$ cat upload28.pdb   # PDB, C-alpha atoms and all ligand atoms
ATOM      1  CA  MET L   1      -2.256 -19.766   0.161
ATOM      2  CA  LEU L   2      -1.348 -17.391   2.983
ATOM      3  CA  LYS L   3      -0.342 -18.777   6.361
ATOM      4  CA  PRO L   4      -1.965 -17.710   9.648
ATOM      5  CA  PRO L   5      -0.559 -14.416  10.979
ATOM      6  CA  VAL L   6       1.289 -15.983  13.905
ATOM      7  CA  ALA L   7       3.850 -18.761  13.639
ATOM      8  CA  ILE L   8       4.787 -20.590  16.815
ATOM      9  CA  VAL L   9       7.992 -22.481  16.245
ATOM     10  CA  MET L  10       9.962 -24.546  18.717
ATOM     11  CA  GLY L  11      13.167 -26.502  18.720
ATOM     12  CA  SER L  12      11.726 -29.817  19.856
ATOM     13  CA  GLN L  13       8.582 -31.734  20.651
ATOM     14  CA  SER L  14       9.740 -31.441  24.277
ATOM     15  CA  ASP L  15       9.112 -27.674  24.061
ATOM     16  CA  TRP L  16       5.436 -28.121  23.244
ATOM     17  CA  PRO L  17       4.123 -28.413  26.843
ATOM     18  CA  THR L  18       5.501 -24.887  27.345
ATOM     19  CA  MET L  19       4.701 -23.472  23.926
ATOM     20  CA  ARG L  20       1.173 -24.880  24.064
ATOM     21  CA  LEU L  21       0.447 -22.023  26.486
ATOM     22  CA  ALA L  22       1.177 -19.555  23.694
ATOM     23  CA  ALA L  23      -1.150 -21.496  21.411
ATOM     24  CA  GLU L  24      -3.934 -21.582  23.997
ATOM     25  CA  THR L  25      -3.578 -17.861  24.662
ATOM     26  CA  LEU L  26      -3.915 -17.113  20.961
ATOM     27  CA  GLU L  27      -6.932 -19.413  20.736
ATOM     28  CA  ASN L  28      -8.587 -17.533  23.601
ATOM     29  CA  LEU L  29      -8.081 -14.322  21.636
ATOM     30  CA  GLU L  30      -9.295 -15.921  18.386
ATOM     31  CA  VAL L  31      -5.944 -15.340  16.709
ATOM     32  CA  GLU L  32      -5.009 -17.917  14.089
ATOM     33  CA  TYR L  33      -1.615 -19.540  14.333
ATOM     34  CA  GLU L  34       0.416 -22.437  13.054
ATOM     35  CA  ALA L  35       2.717 -24.373  15.381
ATOM     36  CA  ARG L  36       5.755 -26.173  13.961
ATOM     37  CA  ILE L  37       8.936 -27.858  15.128
ATOM     38  CA  VAL L  38      11.947 -26.094  13.627
ATOM     39  CA  SER L  39      15.305 -26.848  15.195
ATOM     40  CA  ALA L  40      18.328 -24.613  14.653
ATOM     41  CA  HIS L  41      20.595 -27.582  15.327
ATOM     42  CA  ARG L  42      18.759 -30.665  14.130
ATOM     43  CA  THR L  43      16.862 -29.232  11.156
ATOM     44  CA  PRO L  44      18.893 -26.185  10.099
ATOM     45  CA  GLU L  45      17.648 -26.304   6.505
ATOM     46  CA  ARG L  46      14.032 -26.347   7.686
ATOM     47  CA  MET L  47      14.833 -23.313   9.833
ATOM     48  CA  VAL L  48      16.326 -21.410   6.892
ATOM     49  CA  ASP L  49      13.399 -22.331   4.672
ATOM     50  CA  PHE L  50      10.911 -21.210   7.331
ATOM     51  CA  ALA L  51      12.649 -17.934   8.183
ATOM     52  CA  THR L  52      13.368 -16.862   4.627
ATOM     53  CA  HIS L  53       9.818 -17.536   3.396
ATOM     54  CA  ALA L  54       7.807 -16.487   6.457
ATOM     55  CA  LYS L  55       7.096 -12.916   5.385
ATOM     56  CA  ALA L  56       6.105 -13.844   1.820
ATOM     57  CA  GLU L  57       3.814 -16.546   3.215
ATOM     58  CA  GLY L  58       1.822 -13.945   5.137
ATOM     59  CA  ILE L  59       3.185 -14.558   8.619
ATOM     60  CA  LYS L  60       3.216 -11.306  10.611
ATOM     61  CA  VAL L  61       4.734 -12.318  13.952
ATOM     62  CA  ILE L  62       6.978 -15.212  14.944
ATOM     63  CA  ILE L  63       7.067 -16.745  18.409
ATOM     64  CA  ALA L  64      10.125 -18.954  18.781
ATOM     65  CA  GLY L  65      10.682 -21.147  21.820
ATOM     66  CA  ALA L  66      13.824 -23.121  22.532
ATOM     67  CA  GLY L  67      15.793 -24.483  25.445
ATOM     68  CA  GLY L  68      19.431 -25.002  26.324
ATOM     69  CA  ALA L  69      21.698 -23.693  23.574
ATOM     70  CA  ALA L  70      18.672 -21.837  22.284
ATOM     71  CA  HIS L  71      19.816 -20.349  18.998
ATOM     72  CA  LEU L  72      16.490 -20.664  17.213
ATOM     73  CA  PRO L  73      14.956 -17.206  17.885
ATOM     74  CA  GLY L  74      18.179 -15.362  17.051
ATOM     75  CA  MET L  75      18.868 -17.364  13.909
ATOM     76  CA  ILE L  76      15.343 -16.780  12.659
ATOM     77  CA  ALA L  77      15.623 -13.073  13.480
ATOM     78  CA  ALA L  78      18.834 -12.982  11.437
ATOM     79  CA  MET L  79      16.885 -14.056   8.350
ATOM     80  CA  THR L  80      13.713 -11.973   8.597
ATOM     81  CA  THR L  81      12.611  -8.490   9.612
ATOM     82  CA  LEU L  82       9.342  -9.813  11.031
ATOM     83  CA  PRO L  83       9.012  -9.316  14.793
ATOM     84  CA  VAL L  84      10.437 -12.321  16.631
ATOM     85  CA  PHE L  85       9.525 -13.049  20.231
ATOM     86  CA  GLY L  86      11.792 -15.557  21.941
ATOM     87  CA  VAL L  87      10.645 -17.846  24.721
ATOM     88  CA  PRO L  88      13.402 -19.439  26.821
ATOM     89  CA  VAL L  89      12.160 -22.948  27.586
ATOM     90  CA  ARG L  90      13.108 -24.286  31.004
ATOM     91  CA  SER L  91      15.973 -26.761  30.598
ATOM     92  CA  LYS L  92      16.727 -29.765  32.792
ATOM     93  CA  ALA L  93      20.389 -28.901  33.335
ATOM     94  CA  LEU L  94      20.209 -25.191  34.159
ATOM     95  CA  SER L  95      16.507 -24.491  34.710
ATOM     96  CA  GLY L  96      16.282 -22.261  31.652
ATOM     97  CA  LEU L  97      18.983 -19.750  32.574
ATOM     98  CA  ASP L  98      21.015 -21.155  29.682
ATOM     99  CA  SER L  99      18.010 -20.700  27.386
ATOM    100  CA  LEU L 100      17.470 -17.141  28.604
ATOM    101  CA  TYR L 101      21.090 -16.136  28.147
ATOM    102  CA  SER L 102      21.191 -17.781  24.719
ATOM    103  CA  ILE L 103      18.192 -15.783  23.549
ATOM    104  CA  VAL L 104      18.396 -12.447  25.312
ATOM    105  CA  GLN L 105      21.826 -11.040  24.558
ATOM    106  CA  MET L 106      21.491 -10.387  20.837
ATOM    107  CA  PRO L 107      24.005  -8.104  19.156
ATOM    108  CA  GLY L 108      22.647  -4.659  18.324
ATOM    109  CA  GLY L 109      20.910  -4.772  14.958
ATOM    110  CA  ILE L 110      19.199  -8.180  15.141
ATOM    111  CA  PRO L 111      16.347  -7.882  17.642
ATOM    112  CA  VAL L 112      14.651 -10.705  19.506
ATOM    113  CA  GLY L 113      12.036  -9.655  22.032
ATOM    114  CA  THR L 114      12.915 -11.992  24.869
ATOM    115  CA  LEU L 115      10.267 -13.137  27.319
ATOM    116  CA  ALA L 116      10.412 -14.778  30.734
ATOM    117  CA  ILE L 117      11.562 -18.374  31.177
ATOM    118  CA  GLY L 118       8.887 -21.002  30.654
ATOM    119  CA  GLU L 119       5.115 -20.787  30.711
ATOM    120  CA  PRO L 120       4.779 -17.094  31.654
ATOM    121  CA  GLY L 121       7.029 -16.276  28.726
ATOM    122  CA  ALA L 122       4.945 -18.376  26.346
ATOM    123  CA  ILE L 123       1.730 -16.693  27.483
ATOM    124  CA  ASN L 124       3.214 -13.226  27.239
ATOM    125  CA  ALA L 125       4.735 -13.889  23.827
ATOM    126  CA  ALA L 126       1.236 -14.667  22.590
ATOM    127  CA  LEU L 127      -0.175 -11.524  24.207
ATOM    128  CA  LEU L 128       2.551  -9.430  22.583
ATOM    129  CA  ALA L 129       1.921 -11.052  19.217
ATOM    130  CA  ALA L 130      -1.775 -10.253  19.602
ATOM    131  CA  ALA L 131      -0.942  -6.676  20.585
ATOM    132  CA  VAL L 132       1.119  -6.252  17.415
ATOM    133  CA  LEU L 133      -1.702  -7.595  15.238
ATOM    134  CA  ALA L 134      -4.252  -5.493  17.130
ATOM    135  CA  LEU L 135      -2.583  -2.327  15.856
ATOM    136  CA  ASN L 136      -4.309  -3.042  12.540
ATOM    137  CA  ASP L 137      -7.324  -4.989  13.809
ATOM    138  CA  ASP L 138      -9.889  -3.136  15.924
ATOM    139  CA  ASP L 139     -11.870  -6.285  16.755
ATOM    140  CA  LEU L 140      -8.772  -7.976  18.096
ATOM    141  CA  ALA L 141      -7.908  -4.817  20.035
ATOM    142  CA  ASP L 142     -11.337  -5.065  21.684
ATOM    143  CA  ARG L 143     -10.784  -8.739  22.532
ATOM    144  CA  LEU L 144      -7.407  -7.894  24.027
ATOM    145  CA  GLU L 145      -8.965  -5.160  26.181
ATOM    146  CA  ALA L 146     -11.698  -7.572  27.295
ATOM    147  CA  HIS L 147      -9.091 -10.212  28.132
ATOM    148  CA  ARG L 148      -7.216  -7.738  30.297
ATOM    149  CA  ALA L 149     -10.444  -6.602  32.001
ATOM    150  CA  ARG L 150     -11.425 -10.228  32.792
ATOM    151  CA  GLN L 151      -8.007 -10.785  34.307
ATOM    152  CA  THR L 152      -8.362  -7.689  36.460
ATOM    153  CA  GLU L 153     -11.834  -8.738  37.600
ATOM    154  CA  SER L 154     -10.571 -12.209  38.532
ATOM    155  CA  VAL L 155      -8.220 -10.861  41.206
ATOM    156  CA  PRO L 156      -9.892 -10.962  44.634
ATOM    157  CA  GLN L 157      -9.623  -7.973  46.906
ATOM    158  CA  PHE L 158      -8.715 -10.054  49.951
ATOM    159  CA  PRO L 159      -6.720 -13.241  50.484
ATOM    160  CA  SER L 160      -8.516 -16.448  51.400
ATOM    161  CA  ASP L 161      -7.492 -19.473  53.486
ATOM    162  CA  ILE L 162      -9.100 -21.750  50.906
ATOM    163  CA  GLU L 163      -6.406 -23.156  48.604
TER     164      GLU L 163
HETATM  165  C1  LIG B 201      16.525 -27.464  22.110
HETATM  166  O1  LIG B 201      17.006 -28.486  22.885
HETATM  167  C2  LIG B 201      15.037 -27.579  22.164
HETATM  168  O2  LIG B 201      14.456 -26.332  22.001
HETATM  169  C3  LIG B 201      14.762 -28.186  23.508
HETATM  170  O3  LIG B 201      14.338 -27.209  24.444
HETATM  171  C4  LIG B 201      16.113 -28.741  23.924
HETATM  172  C5  LIG B 201      16.051 -30.216  24.219
HETATM  173  O4  LIG B 201      15.520 -30.887  23.112
HETATM  174  P1  LIG B 201      15.202 -32.439  23.184
HETATM  175  O5  LIG B 201      16.498 -33.128  23.448
HETATM  176  O6  LIG B 201      14.209 -32.643  24.310
HETATM  177  O7  LIG B 201      14.610 -32.792  21.851
HETATM  178  O8  LIG B 201      16.983 -27.550  20.802
END

$ encode --input "upload28.pdb" --output "structure tokens"
Amino acid sequence: MLKPPVAIVMGSQSDWPTMRLAAETLENLEVEYEARIVSAHRTPERMVDFATHAKAEGIKVIIAGAGGAAHLPGMIAAMTTLPVFGVPVRSKALSGLDSLYSIVQMPGGIPVGTLAIGEPGAINAALLAAAVLALNDDDLADRLEAHRARQTESVPQFPSDIE
């Protein structure tokens, strides 16, 4: 049986509070996903199994979040030609700069689309995944446009003193 088109993978349960934002964003856009814990360091064989089978299983886009020595997105990208979006999870020691640097500076030839540190990155990874799928899905393209329009409408013209 084919998997949902988006896989959200993360290095640890502790990444889920961040990566949940990607899941919620996909849910709002009615995009099916599967979220899994796949650690480059603690479960390397699970990572290889996931990355090498993802395309055959019907996954179209991979969102990979990790913190600290965040090798997961790059290692997955090394084993698949599916688009991989990397989310640097904020770390306790270095506030996510370590995660960002670990993910962003890939050698030419193995791309990882790197997002912002933390929750904004998780949200935007989901929006990018949806945008990729929307290229071949007119209904999703409409939902994406509507999502953007709602966001625009939600911005007030003038600032308010009410918090
Ligand atoms: C990384 O180490 C994970 O992605 C996580 O962000 C970080 C810390 O993991 P835990 O020690 O909280 O499990 O592999």

$ resolve_selection --input "upload28.pdb" --expression "the PyMOL selection byres (((chain L and resi 31-41) around 6) and not hetatm)" --output "list in words"
Pro4, Val6, Ala7, Ile8, Val9, Met10, Gly11, Ser12, Leu26, Glu27, Leu29, Glu30, Arg42, Thr43, Pro44, Met47 and Leu72 of chain L

$ residues_near_ligand --input "upload28.pdb" --ligand "ligand LIG 201 (chain B)" --cutoff "12 Å" --atoms "all atoms listed in the file" --output "PDB file with C-alpha atoms, in the coordinates of the input"
ATOM      1  CA  VAL L   9       7.992 -22.481  16.245  1.00  0.00           C
ATOM      2  CA  MET L  10       9.962 -24.546  18.717  1.00  0.00           C
ATOM      3  CA  GLY L  11      13.167 -26.502  18.720  1.00  0.00           C
ATOM      4  CA  SER L  12      11.726 -29.817  19.856  1.00  0.00           C
ATOM      5  CA  GLN L  13       8.582 -31.734  20.651  1.00  0.00           C
ATOM      6  CA  SER L  14       9.740 -31.441  24.277  1.00  0.00           C
ATOM      7  CA  ASP L  15       9.112 -27.674  24.061  1.00  0.00           C
ATOM      8  CA  TRP L  16       5.436 -28.121  23.244  1.00  0.00           C
ATOM      9  CA  PRO L  17       4.123 -28.413  26.843  1.00  0.00           C
ATOM     10  CA  THR L  18       5.501 -24.887  27.345  1.00  0.00           C
ATOM     11  CA  MET L  19       4.701 -23.472  23.926  1.00  0.00           C
ATOM     12  CA  ARG L  36       5.755 -26.173  13.961  1.00  0.00           C
ATOM     13  CA  ILE L  37       8.936 -27.858  15.128  1.00  0.00           C
ATOM     14  CA  VAL L  38      11.947 -26.094  13.627  1.00  0.00           C
ATOM     15  CA  SER L  39      15.305 -26.848  15.195  1.00  0.00           C
ATOM     16  CA  ALA L  40      18.328 -24.613  14.653  1.00  0.00           C
ATOM     17  CA  HIS L  41      20.595 -27.582  15.327  1.00  0.00           C
ATOM     18  CA  ARG L  42      18.759 -30.665  14.130  1.00  0.00           C
ATOM     19  CA  THR L  43      16.862 -29.232  11.156  1.00  0.00           C
ATOM     20  CA  PRO L  44      18.893 -26.185  10.099  1.00  0.00           C
ATOM     21  CA  MET L  47      14.833 -23.313   9.833  1.00  0.00           C
ATOM     22  CA  ALA L  64      10.125 -18.954  18.781  1.00  0.00           C
ATOM     23  CA  GLY L  65      10.682 -21.147  21.820  1.00  0.00           C
ATOM     24  CA  ALA L  66      13.824 -23.121  22.532  1.00  0.00           C
ATOM     25  CA  GLY L  67      15.793 -24.483  25.445  1.00  0.00           C
ATOM     26  CA  GLY L  68      19.431 -25.002  26.324  1.00  0.00           C
ATOM     27  CA  ALA L  69      21.698 -23.693  23.574  1.00  0.00           C
ATOM     28  CA  ALA L  70      18.672 -21.837  22.284  1.00  0.00           C
ATOM     29  CA  HIS L  71      19.816 -20.349  18.998  1.00  0.00           C
ATOM     30  CA  LEU L  72      16.490 -20.664  17.213  1.00  0.00           C
ATOM     31  CA  PRO L  73      14.956 -17.206  17.885  1.00  0.00           C
ATOM     32  CA  GLY L  86      11.792 -15.557  21.941  1.00  0.00           C
ATOM     33  CA  VAL L  87      10.645 -17.846  24.721  1.00  0.00           C
ATOM     34  CA  PRO L  88      13.402 -19.439  26.821  1.00  0.00           C
ATOM     35  CA  VAL L  89      12.160 -22.948  27.586  1.00  0.00           C
ATOM     36  CA  ARG L  90      13.108 -24.286  31.004  1.00  0.00           C
ATOM     37  CA  SER L  91      15.973 -26.761  30.598  1.00  0.00           C
ATOM     38  CA  LYS L  92      16.727 -29.765  32.792  1.00  0.00           C
ATOM     39  CA  ALA L  93      20.389 -28.901  33.335  1.00  0.00           C
ATOM     40  CA  LEU L  94      20.209 -25.191  34.159  1.00  0.00           C
ATOM     41  CA  SER L  95      16.507 -24.491  34.710  1.00  0.00           C
ATOM     42  CA  GLY L  96      16.282 -22.261  31.652  1.00  0.00           C
ATOM     43  CA  LEU L  97      18.983 -19.750  32.574  1.00  0.00           C
ATOM     44  CA  ASP L  98      21.015 -21.155  29.682  1.00  0.00           C
ATOM     45  CA  SER L  99      18.010 -20.700  27.386  1.00  0.00           C
ATOM     46  CA  LEU L 100      17.470 -17.141  28.604  1.00  0.00           C
ATOM     47  CA  SER L 102      21.191 -17.781  24.719  1.00  0.00           C
ATOM     48  CA  ILE L 103      18.192 -15.783  23.549  1.00  0.00           C
ATOM     49  CA  ILE L 117      11.562 -18.374  31.177  1.00  0.00           C
ATOM     50  CA  GLY L 118       8.887 -21.002  30.654  1.00  0.00           C
TER      51      GLY L 118
END

$ closest_residue --input "upload28.pdb" --among "L:Asp161, L:Arg143, L:Leu2, L:Tyr101" --to "Gly58 in chain L" --atoms "only C-alpha atoms"
L:Leu2

$ atom_distance --input "upload28.pdb" --atom1 "CA of Ile62 in chain L" --atom2 "CA of Thr152 in chain L"
27.5 Å

$ decode --input "upload28.pdb" --residues "range 106-140 of chain L" --atoms "N, CA and C atoms" --output "short mmCIF file (atom, residue, chain, number, x, y, z; two decimals), in the first residue's frame"
data_model
loop_
_atom_site.label_atom_id
_atom_site.label_comp_id
_atom_site.auth_asym_id
_atom_site.auth_seq_id
_atom_site.Cartn_x
_atom_site.Cartn_y
_atom_site.Cartn_z
N MET L 106 25.25 21.96 2.61
CA MET L 106 25.45 20.69 1.91
C MET L 106 26.44 20.87 0.76
N PRO L 107 27.21 19.84 0.47
CA PRO L 107 28.09 19.93 -0.70
C PRO L 107 27.26 19.97 -1.97
N GLY L 108 27.75 20.67 -2.98
CA GLY L 108 27.03 20.73 -4.25
C GLY L 108 26.75 19.33 -4.77
N GLY L 109 25.49 19.09 -5.16
CA GLY L 109 25.13 17.79 -5.70
C GLY L 109 24.14 17.02 -4.85
N ILE L 110 24.07 17.33 -3.55
CA ILE L 110 23.12 16.66 -2.66
C ILE L 110 22.29 17.74 -1.98
N PRO L 111 21.15 18.12 -2.58
CA PRO L 111 20.42 19.28 -2.05
C PRO L 111 19.53 18.96 -0.85
N VAL L 112 19.56 19.87 0.11
CA VAL L 112 18.56 19.91 1.18
C VAL L 112 18.04 21.35 1.22
N GLY L 113 16.77 21.52 1.02
CA GLY L 113 16.17 22.85 1.13
C GLY L 113 16.04 23.19 2.60
N THR L 114 16.88 24.11 3.07
CA THR L 114 16.95 24.36 4.51
C THR L 114 16.06 25.53 4.90
N LEU L 115 15.27 25.30 5.94
CA LEU L 115 14.32 26.31 6.41
C LEU L 115 14.88 27.03 7.63
N ALA L 116 14.07 27.94 8.16
CA ALA L 116 14.47 28.69 9.35
C ALA L 116 14.52 27.78 10.58
N ILE L 117 15.20 28.25 11.61
CA ILE L 117 15.29 27.49 12.86
C ILE L 117 13.92 27.46 13.54
N GLY L 118 13.53 26.27 13.96
CA GLY L 118 12.36 26.13 14.84
C GLY L 118 11.01 26.17 14.14
N GLU L 119 10.02 26.68 14.87
CA GLU L 119 8.63 26.58 14.42
C GLU L 119 8.37 27.25 13.07
N PRO L 120 8.92 28.44 12.80
CA PRO L 120 8.69 29.01 11.46
C PRO L 120 9.20 28.09 10.35
N GLY L 121 10.32 27.45 10.62
CA GLY L 121 10.87 26.52 9.63
C GLY L 121 9.97 25.32 9.41
N ALA L 122 9.39 24.81 10.48
CA ALA L 122 8.49 23.66 10.37
C ALA L 122 7.24 24.04 9.56
N ILE L 123 6.69 25.19 9.86
CA ILE L 123 5.50 25.66 9.12
C ILE L 123 5.84 25.84 7.64
N ASN L 124 6.96 26.49 7.38
CA ASN L 124 7.30 26.77 5.99
C ASN L 124 7.71 25.52 5.22
N ALA L 125 8.28 24.56 5.90
CA ALA L 125 8.59 23.29 5.23
C ALA L 125 7.30 22.64 4.75
N ALA L 126 6.28 22.71 5.58
CA ALA L 126 4.98 22.13 5.18
C ALA L 126 4.38 22.90 4.01
N LEU L 127 4.50 24.22 4.05
CA LEU L 127 3.95 25.02 2.94
C LEU L 127 4.71 24.74 1.64
N LEU L 128 6.01 24.56 1.74
CA LEU L 128 6.78 24.22 0.54
C LEU L 128 6.42 22.82 0.03
N ALA L 129 6.25 21.89 0.94
CA ALA L 129 5.85 20.54 0.53
C ALA L 129 4.51 20.61 -0.19
N ALA L 130 3.59 21.38 0.36
CA ALA L 130 2.27 21.53 -0.28
C ALA L 130 2.41 22.19 -1.64
N ALA L 131 3.29 23.16 -1.75
CA ALA L 131 3.48 23.85 -3.03
C ALA L 131 4.02 22.89 -4.09
N VAL L 132 4.90 22.00 -3.68
CA VAL L 132 5.42 21.00 -4.63
C VAL L 132 4.29 20.09 -5.10
N LEU L 133 3.49 19.60 -4.16
CA LEU L 133 2.39 18.70 -4.53
C LEU L 133 1.33 19.43 -5.36
N ALA L 134 1.17 20.72 -5.09
CA ALA L 134 0.14 21.50 -5.79
C ALA L 134 0.46 21.67 -7.27
N LEU L 135 1.70 21.45 -7.65
CA LEU L 135 2.04 21.54 -9.08
C LEU L 135 1.25 20.53 -9.90
N ASN L 136 0.87 19.43 -9.26
CA ASN L 136 0.11 18.38 -9.96
C ASN L 136 -1.25 18.15 -9.30
N ASP L 137 -1.75 19.13 -8.59
CA ASP L 137 -3.02 18.96 -7.86
C ASP L 137 -3.72 20.32 -7.80
N ASP L 138 -4.65 20.55 -8.71
CA ASP L 138 -5.30 21.86 -8.80
C ASP L 138 -6.11 22.19 -7.55
N ASP L 139 -6.74 21.18 -6.95
CA ASP L 139 -7.53 21.45 -5.74
C ASP L 139 -6.62 21.92 -4.60
N LEU L 140 -5.49 21.27 -4.47
CA LEU L 140 -4.54 21.69 -3.44
C LEU L 140 -4.00 23.09 -3.75
#
